[in-house]
>>> print(open('protein.txt').read())   # compact mmCIF, C-alpha atoms
# COMPACT_ATOMS: atom_id res chain seq x y z
CA MET Y 16 -10.56 32.63 -19.61
CA LYS Y 17 -13.73 34.12 -21.17
CA ALA Y 18 -15.98 31.61 -19.40
CA ASN Y 19 -14.39 32.52 -16.04
CA ASN Y 20 -14.46 36.29 -16.62
CA GLY Y 21 -10.70 36.33 -16.84
CA ALA Y 22 -10.10 34.12 -13.79
CA THR Y 23 -7.52 31.33 -13.89
CA ASN Y 24 -6.49 28.48 -11.61
CA PRO Y 25 -2.72 28.79 -11.22
CA THR Y 26 -0.49 25.79 -10.64
CA ILE Y 27 2.55 26.16 -8.42
CA ARG Y 28 5.36 23.68 -9.01
CA LEU Y 29 8.24 23.26 -6.57
CA ASN Y 30 11.64 22.41 -7.97
CA VAL Y 31 12.17 19.32 -5.81
CA ASP Y 32 13.74 16.13 -7.14
CA ARG Y 33 11.82 13.24 -5.57
CA ASP Y 34 14.03 10.16 -5.33
CA VAL Y 35 11.97 6.93 -5.18
CA LYS Y 36 14.82 5.29 -3.25
CA ALA Y 37 15.51 7.96 -0.64
CA PRO Y 38 12.74 9.59 1.46
CA GLN Y 39 13.15 13.26 2.30
CA LEU Y 40 12.30 15.23 5.41
CA PRO Y 41 9.15 17.40 5.36
CA LEU Y 42 9.57 20.70 3.54
CA THR Y 43 7.62 23.74 4.77
CA VAL Y 44 7.16 26.56 2.27
CA HIS Y 45 5.82 30.00 3.16
CA TYR Y 46 3.60 31.60 0.51
CA ASN Y 47 3.64 35.37 1.03
CA ASP Y 48 1.58 36.72 -1.86
CA GLN Y 49 0.74 36.18 -5.52
CA ASN Y 50 1.43 38.87 -8.09
CA VAL Y 51 0.28 39.10 -11.69
CA SER Y 52 1.86 41.47 -14.17
CA CYS Y 53 2.60 41.77 -17.88
CA ALA Y 54 6.04 40.90 -19.14
CA ASN Y 55 5.73 43.78 -21.61
CA THR Y 56 3.65 46.95 -21.25
CA SER Y 57 2.10 46.39 -24.69
CA GLU Y 58 0.56 43.12 -23.45
CA CYS Y 59 -1.63 45.12 -21.04
CA ASP Y 60 -3.23 47.25 -23.73
CA MET Y 61 -6.48 45.27 -23.61
CA SER Y 62 -8.63 43.91 -20.78
CA ALA Y 63 -10.50 40.62 -20.71
CA MET Y 64 -13.83 42.45 -20.84
CA SER Y 65 -14.94 43.52 -24.33
CA LEU Y 66 -11.30 43.95 -25.41
CA SER Y 67 -11.24 47.52 -24.19
CA ALA Y 68 -9.79 49.70 -21.47
CA PRO Y 69 -9.37 49.84 -18.54
CA ASN Y 70 -6.37 47.53 -18.38
CA THR Y 71 -6.87 44.81 -15.72
CA ALA Y 72 -4.11 42.31 -16.38
CA THR Y 73 -2.16 43.23 -13.26
CA GLY Y 74 -2.84 42.71 -9.58
CA SER Y 75 -1.83 40.90 -6.41
CA LYS Y 76 -3.36 38.56 -3.87
CA ALA Y 77 -2.22 38.21 -0.29
CA MET Y 78 -1.59 34.63 0.81
CA ASN Y 79 0.58 34.60 3.96
CA PHE Y 80 0.36 30.93 4.88
CA ASP Y 81 2.64 27.91 5.19
CA VAL Y 82 2.31 24.61 3.34
CA THR Y 83 4.15 21.52 4.55
CA HIS Y 84 5.09 19.10 1.78
CA VAL Y 85 5.78 15.55 2.99
CA TYR Y 86 7.35 12.55 1.31
CA GLY Y 87 4.63 9.93 0.89
CA ARG Y 88 4.26 6.27 0.12
CA VAL Y 89 1.58 3.57 -0.02
CA VAL Y 90 2.39 0.29 1.73
CA PRO Y 91 0.26 -2.82 1.07
CA SER Y 92 0.33 -5.67 3.59
CA ASN Y 93 0.98 -9.32 2.82
CA VAL Y 94 -1.86 -11.68 3.72
CA ARG Y 95 -1.95 -15.38 4.71
CA VAL Y 96 -5.27 -17.08 4.00
CA MET Y 97 -6.35 -20.16 5.93
CA GLY Y 98 -8.28 -21.91 3.15
CA LEU Y 99 -10.32 -21.15 0.05
CA ILE Y 100 -12.38 -18.51 1.83
CA ALA Y 101 -13.10 -14.79 1.43
CA PHE Y 102 -10.29 -12.64 2.83
CA GLU Y 103 -9.07 -9.08 3.07
CA THR Y 104 -5.83 -7.13 3.35
CA ILE Y 105 -4.91 -3.46 3.71
CA ALA Y 106 -2.65 -0.73 2.36
CA ARG Y 107 -1.54 2.27 4.42
CA TYR Y 108 -0.91 5.79 3.10
CA GLU Y 109 2.10 7.07 4.98
CA ALA Y 110 4.32 10.16 5.35
CA TYR Y 111 8.02 10.12 6.20
CA MET Y 112 9.14 11.56 9.55
CA THR Y 113 5.83 13.32 10.12
CA PRO Y 114 4.46 12.53 13.60
CA THR Y 115 2.23 15.63 13.37
CA LEU Y 116 0.62 17.14 10.28
CA LEU Y 117 -1.60 20.25 10.33
CA GLY Y 118 -1.88 19.91 14.11
CA THR Y 119 -3.04 16.29 13.89
CA GLY Y 120 -0.98 13.54 15.51
CA LEU Y 121 -0.27 10.63 13.16
CA LEU Y 122 0.21 7.02 14.24
CA ALA Y 123 3.59 5.41 13.62
CA ASP Y 124 3.91 2.56 11.16
CA PRO Y 125 3.79 -0.71 13.18
CA ILE Y 126 7.12 -1.87 11.74
CA ASP Y 127 9.11 1.23 10.76
CA THR Y 128 8.52 4.15 13.13
CA THR Y 129 10.20 6.65 10.77
CA TRP Y 130 6.95 6.51 8.79
CA ASN Y 131 3.52 7.64 9.99
CA VAL Y 132 0.04 6.65 8.78
CA ASN Y 133 -1.37 9.78 7.15
CA THR Y 134 -4.91 9.87 8.52
CA LEU Y 135 -5.44 13.18 6.66
CA HIS Y 136 -4.91 11.55 3.27
CA THR Y 137 -7.95 11.82 1.01
CA GLU Y 138 -7.73 9.31 -1.82
CA ALA Y 139 -10.10 11.21 -4.13
CA GLU Y 140 -7.84 14.29 -4.04
CA TYR Y 141 -4.37 13.08 -3.19
CA GLY Y 142 -3.97 9.69 -4.84
CA ASP Y 143 -5.69 6.33 -4.71
CA ALA Y 144 -4.11 2.86 -4.60
CA THR Y 145 -5.99 0.07 -6.37
CA VAL Y 146 -5.22 -3.61 -6.90
CA ASP Y 147 -5.12 -3.71 -10.70
CA TYR Y 148 -3.55 -7.11 -11.29
CA VAL Y 149 -3.07 -10.41 -9.45
CA GLU Y 150 -0.76 -13.11 -10.77
CA PRO Y 151 -1.21 -15.86 -11.57
CA VAL Y 152 -4.63 -14.99 -12.94
CA ALA Y 153 -5.91 -18.59 -12.76
CA GLY Y 154 -7.66 -19.17 -9.42
CA SER Y 155 -7.53 -15.51 -8.38
CA SER Y 156 -9.71 -12.39 -8.62
CA LEU Y 157 -9.44 -8.65 -8.01
CA PRO Y 158 -10.96 -7.07 -4.87
CA LEU Y 159 -14.71 -6.57 -4.65
CA GLY Y 160 -16.29 -3.16 -5.08
CA THR Y 161 -16.93 -3.19 -1.31
CA SER Y 162 -13.29 -2.35 -0.55
CA THR Y 163 -13.28 0.65 1.79
CA TYR Y 164 -11.04 3.54 2.77
CA ALA Y 165 -10.79 5.40 6.07
CA ALA Y 166 -8.21 7.32 8.11
CA GLY Y 167 -5.29 6.64 5.80
CA VAL Y 168 -5.97 2.90 5.43
CA GLU Y 169 -7.42 1.15 2.39
CA THR Y 170 -9.08 -2.25 2.93
CA TYR Y 171 -9.28 -4.65 -0.02
CA ARG Y 172 -11.87 -7.44 0.18
CA PHE Y 173 -11.51 -10.53 -1.99
CA ASN Y 174 -13.88 -13.35 -2.92
CA PRO Y 175 -12.59 -16.88 -2.20
CA TYR Y 176 -9.80 -18.00 -4.51
CA THR Y 177 -10.21 -21.39 -6.18
CA ILE Y 178 -6.62 -22.66 -6.31
CA ARG Y 179 -4.28 -22.99 -3.33
CA GLN Y 180 -1.04 -21.41 -4.54
CA ASN Y 181 1.05 -18.30 -3.98
CA TYR Y 182 -0.15 -15.06 -5.61
CA LYS Y 183 1.27 -11.58 -6.09
CA GLY Y 184 -0.95 -8.50 -5.95
CA HIS Y 185 0.11 -5.39 -7.89
CA ILE Y 186 -0.87 -1.86 -6.81
CA ASN Y 187 -1.68 0.95 -9.25
CA THR Y 188 -1.15 4.33 -7.59
CA GLU Y 189 0.37 7.78 -8.08
CA GLY Y 190 4.09 8.00 -8.80
CA TRP Y 191 4.67 10.23 -5.77
CA LEU Y 192 3.34 7.45 -3.51
CA TRP Y 193 5.92 4.96 -4.78
CA TYR Y 194 8.93 4.24 -2.57
CA ASN Y 195 11.32 1.29 -2.28
CA PRO Y 196 15.01 1.28 -1.28
CA ASN Y 197 15.72 -0.70 -4.48
CA ALA Y 198 13.05 0.93 -6.65
CA LEU Y 199 13.12 1.74 -10.33
CA ALA Y 200 11.00 4.49 -11.88
CA TYR Y 201 7.27 3.99 -11.27
CA ILE Y 202 5.23 2.09 -13.91
CA ASP Y 203 1.54 1.16 -13.64
CA PRO Y 204 1.09 -2.63 -13.37
CA ALA Y 205 0.01 -4.33 -16.59
CA VAL Y 206 0.80 -7.42 -18.62
CA GLY Y 207 4.49 -7.12 -19.44
CA ALA Y 208 5.04 -4.58 -16.64
CA LEU Y 209 4.78 -6.63 -13.45
CA SER Y 210 8.13 -5.97 -11.80
CA CYS Y 211 7.67 -5.19 -8.12
CA LEU Y 212 10.59 -2.76 -8.43
CA THR Y 213 8.32 -0.43 -10.41
CA HIS Y 214 5.19 -0.33 -8.20
CA PRO Y 215 3.97 -1.58 -4.79
CA CYS Y 216 3.23 -5.31 -4.47
CA PHE Y 217 2.01 -7.72 -1.79
CA ASP Y 218 1.96 -11.50 -1.31
CA ILE Y 219 -1.11 -13.70 -0.93
CA THR Y 220 -0.22 -17.09 0.55
CA PHE Y 221 -2.24 -19.99 1.94
CA GLY Y 222 -1.76 -21.72 5.28
CA ARG Y 223 -2.30 -25.39 6.11
CA LEU Y 224 -5.84 -26.74 6.03
CA ILE Y 225 -7.42 -27.01 9.49
CA GLY Y 226 -9.70 -29.94 10.38
CA ASN Y 227 -12.69 -29.93 12.70
CA THR Y 228 -10.56 -31.09 15.61
CA GLY Y 229 -8.05 -28.29 15.06
CA SER Y 230 -5.32 -30.66 13.86
CA ALA Y 231 -3.72 -30.18 10.46
CA LYS Y 232 -5.21 -32.50 7.83
CA THR Y 233 -1.89 -33.86 6.63
CA GLU Y 234 -2.69 -37.50 7.33
CA SER Y 235 -5.76 -39.71 7.15
CA GLU Y 236 -7.58 -41.03 10.18
CA ALA Y 237 -6.49 -44.54 9.14
CA HIS Y 238 -2.90 -43.39 9.09
CA LYS Y 239 -3.28 -41.86 12.54
CA SER Y 240 -4.71 -45.11 13.85
CA ASN Y 241 -1.89 -47.11 12.31
CA LYS Y 242 0.62 -44.67 13.77
CA LYS Y 243 -0.87 -45.15 17.24
CA HIS Y 244 -0.69 -48.95 16.83
CA LEU Y 245 3.00 -48.76 15.90
CA GLN Y 246 3.68 -46.58 18.92
CA GLU Y 247 2.00 -49.17 21.18
CA GLN Y 248 4.07 -51.93 19.59
CA ALA Y 249 7.21 -49.94 20.21
CA GLY Y 250 6.21 -49.59 23.84
CA VAL Y 251 5.79 -53.39 24.19
CA LEU Y 252 9.17 -53.92 22.54
CA ARG Y 253 10.86 -51.57 24.98
CA VAL Y 254 9.27 -53.37 27.93
CA ASN Y 255 10.39 -56.79 26.62
CA MET Y 256 13.92 -55.60 26.09
CA ARG Y 257 14.05 -54.19 29.60
CA LEU Y 258 12.78 -57.43 31.16
CA GLN Y 259 15.31 -59.46 29.23
CA TYR Y 260 18.12 -57.19 30.39
CA ASP Y 261 16.98 -57.44 34.02
CA GLU Y 262 17.05 -61.21 33.87
>>> encode(input="protein.txt", output="structure tokens")
Amino acid sequence: MKANNGATNPTIRLNVDRDVKAPQLPLTVHYNDQNVSCANTSECDMSAMSLSAPNTATGSKAMNFDVTHVYGRVVPSNVRVMGLIAFETIARYEAYMTPTLLGTGLLADPIDTTWNVNTLHTEAEYGDATVDYVEPVAGSSLPLGTSTYAAGVETYRFNPYTIRQNYKGHINTEGWLWYNPNALAYIDPAVGALSCLTHPCFDITFGRLIGNTGSAKTESEAHKSNKKHLQEQAGVLRVNMRLQYDE
């Protein structure tokens, strides 16, 4: 108070129960003005300046604006990697039933159109979403520092993994960005707290290896050659059987 010459930064809290399982429609609140007064007259006997009169602990400030509060979530995308190579995946910051926010049109989620990508989201102010844990740890790594954010979409860039297996990525974010129809209360991911019912998760899977010819490397060239030879033999056998039947 003394350092700010009596000024304070008030916090306004809305009495809204946010259910992690049930998204709510946008709520617009009109803020008319802000008034400051003393609960008791005796509490206004001194001012913040030199502890003397005049009394300055009362006043008002006109506001007269609307604030729209939207139900938010962060949605990471699963990724399928075609080999032990560098890869990337994304997470979208979204708002429920909000096609327009502050006069800006928002794009619909590509799968569920009741959600919109919040291009106005600023991660530094309104909540970031980081990949804090990948399991199993062996063969995996966390995203590089070159992961980027723009227009409501976070891009995570990974170095090549060393073991071909299925992985699960765990997102650390703000509790108000957590939503799941089957969700439990939000918990930051950590060893012993890796349930995907308590924070956002995504899958990292690997596709089949692709050879130079574009065919899947599931059989050796020798096996392919042998397979072709058997097919030719089968063709000769069919011809012989047909000739014998014709005779």
>>> closest_residue(input="protein.txt", among="Y:His214, Y:Lys76, Y:His136, Y:Lys36", to="Gly167 in chain Y", atoms="all atoms listed in the file")
Y:His136
>>> closest_residue(input="protein.txt", among="Y:Gly87, Y:Asn131, Y:Leu157, Y:Pro125", to="Val35 in chain Y", atoms="only C-alpha atoms")
Y:Gly87
>>> residues_around(input="protein.txt", residues="Thr43 in chain Y", least_positions_apart="2", cutoff="7 Å", atoms="only C-alpha atoms", output="MDAnalysis selection string")
chainID Y and resid 41 45 81:84
>>> residues_near_point(input="protein.txt", point="(-1.8, 22.4, 13.1)", cutoff="12 Å", atoms="only C-alpha atoms", output="JSON, numbers by chain")
{"Y": [81, 82, 83, 114, 115, 116, 117, 118, 119, 120, 121, 135]}
>>> residues_around(input="protein.txt", residues="Ser75 in chain Y", least_positions_apart="4", cutoff="12 Å", atoms="only C-alpha atoms", output="PyMOL selection string")
chain Y and resi 47-52+71
>>> write_last_selection(input="protein.txt", atoms="C-alpha atoms", output="PDB file, in the frame of the given file")
ATOM      1  CA  ASN Y  47       3.640  35.370   1.030  1.00  0.00           C
ATOM      2  CA  ASP Y  48       1.580  36.720  -1.860  1.00  0.00           C
ATOM      3  CA  GLN Y  49       0.740  36.180  -5.520  1.00  0.00           C
ATOM      4  CA  ASN Y  50       1.430  38.870  -8.090  1.00  0.00           C
ATOM      5  CA  VAL Y  51       0.280  39.100 -11.690  1.00  0.00           C
ATOM      6  CA  SER Y  52       1.860  41.470 -14.170  1.00  0.00           C
ATOM      7  CA  THR Y  71      -6.870  44.810 -15.720  1.00  0.00           C
TER       8      THR Y  71
END
>>> residues_around(input="protein.txt", residues="Gln39 in chain Y", least_positions_apart="5", cutoff="10 Å", atoms="all atoms listed in the file", output="list in words")
Asp32, Arg33, Asp34, His84, Val85, Tyr86, Gly87, Ala110, Tyr111 and Met112 of chain Y
>>> residues_around(input="protein.txt", residues="Asn174 in chain Y", least_positions_apart="3", cutoff="12 Å", atoms="all atoms listed in the file", output="list in words")
Val96, Gly98, Leu99, Ile100, Ala101, Phe102, Glu103, Thr104, Gly154, Ser155, Ser156, Leu157, Pro158, Leu159, Gly160, Thr161, Ser162, Tyr171 and Thr177 of chain Y
>>> residues_around(input="protein.txt", residues="range 192-195 of chain Y", least_positions_apart="4", cutoff="12 Å", atoms="only C-alpha atoms", output="NGL selection string")
:Y and (33-39 or 85-91 or 106-111 or 130 or 133 or 136 or 138 or 141-144 or 186-188 or 199-203 or 211-216)
>>> atom_distance(input="protein.txt", atom1="CA of Val149 in chain Y", atom2="CA of Phe221 in chain Y")
14.9 Å
>>> closest_residue(input="protein.txt", among="Y:Ile178, Y:Glu189, Y:Arg95, Y:Leu209", to="Glu140 in chain Y", atoms="only C-alpha atoms")
Y:Glu189
>>> atom_distance(input="protein.txt", atom1="CA of Gly184 in chain Y", atom2="CA of Ile126 in chain Y")
20.5 Å
>>> atom_distance(input="protein.txt", atom1="CA of Ala208 in chain Y", atom2="CA of Ser92 in chain Y")
20.8 Å
>>> closest_residue(input="protein.txt", among="Y:Thr73, Y:Thr145, Y:Thr137, Y:Thr113", to="Arg172 in chain Y", atoms="all atoms listed in the file")
Y:Thr145
>>> closest_residue(input="protein.txt", among="Y:Ala198, Y:Asn93, Y:Thr134, Y:Thr170", to="Thr220 in chain Y", atoms="only C-alpha atoms")
Y:Asn93
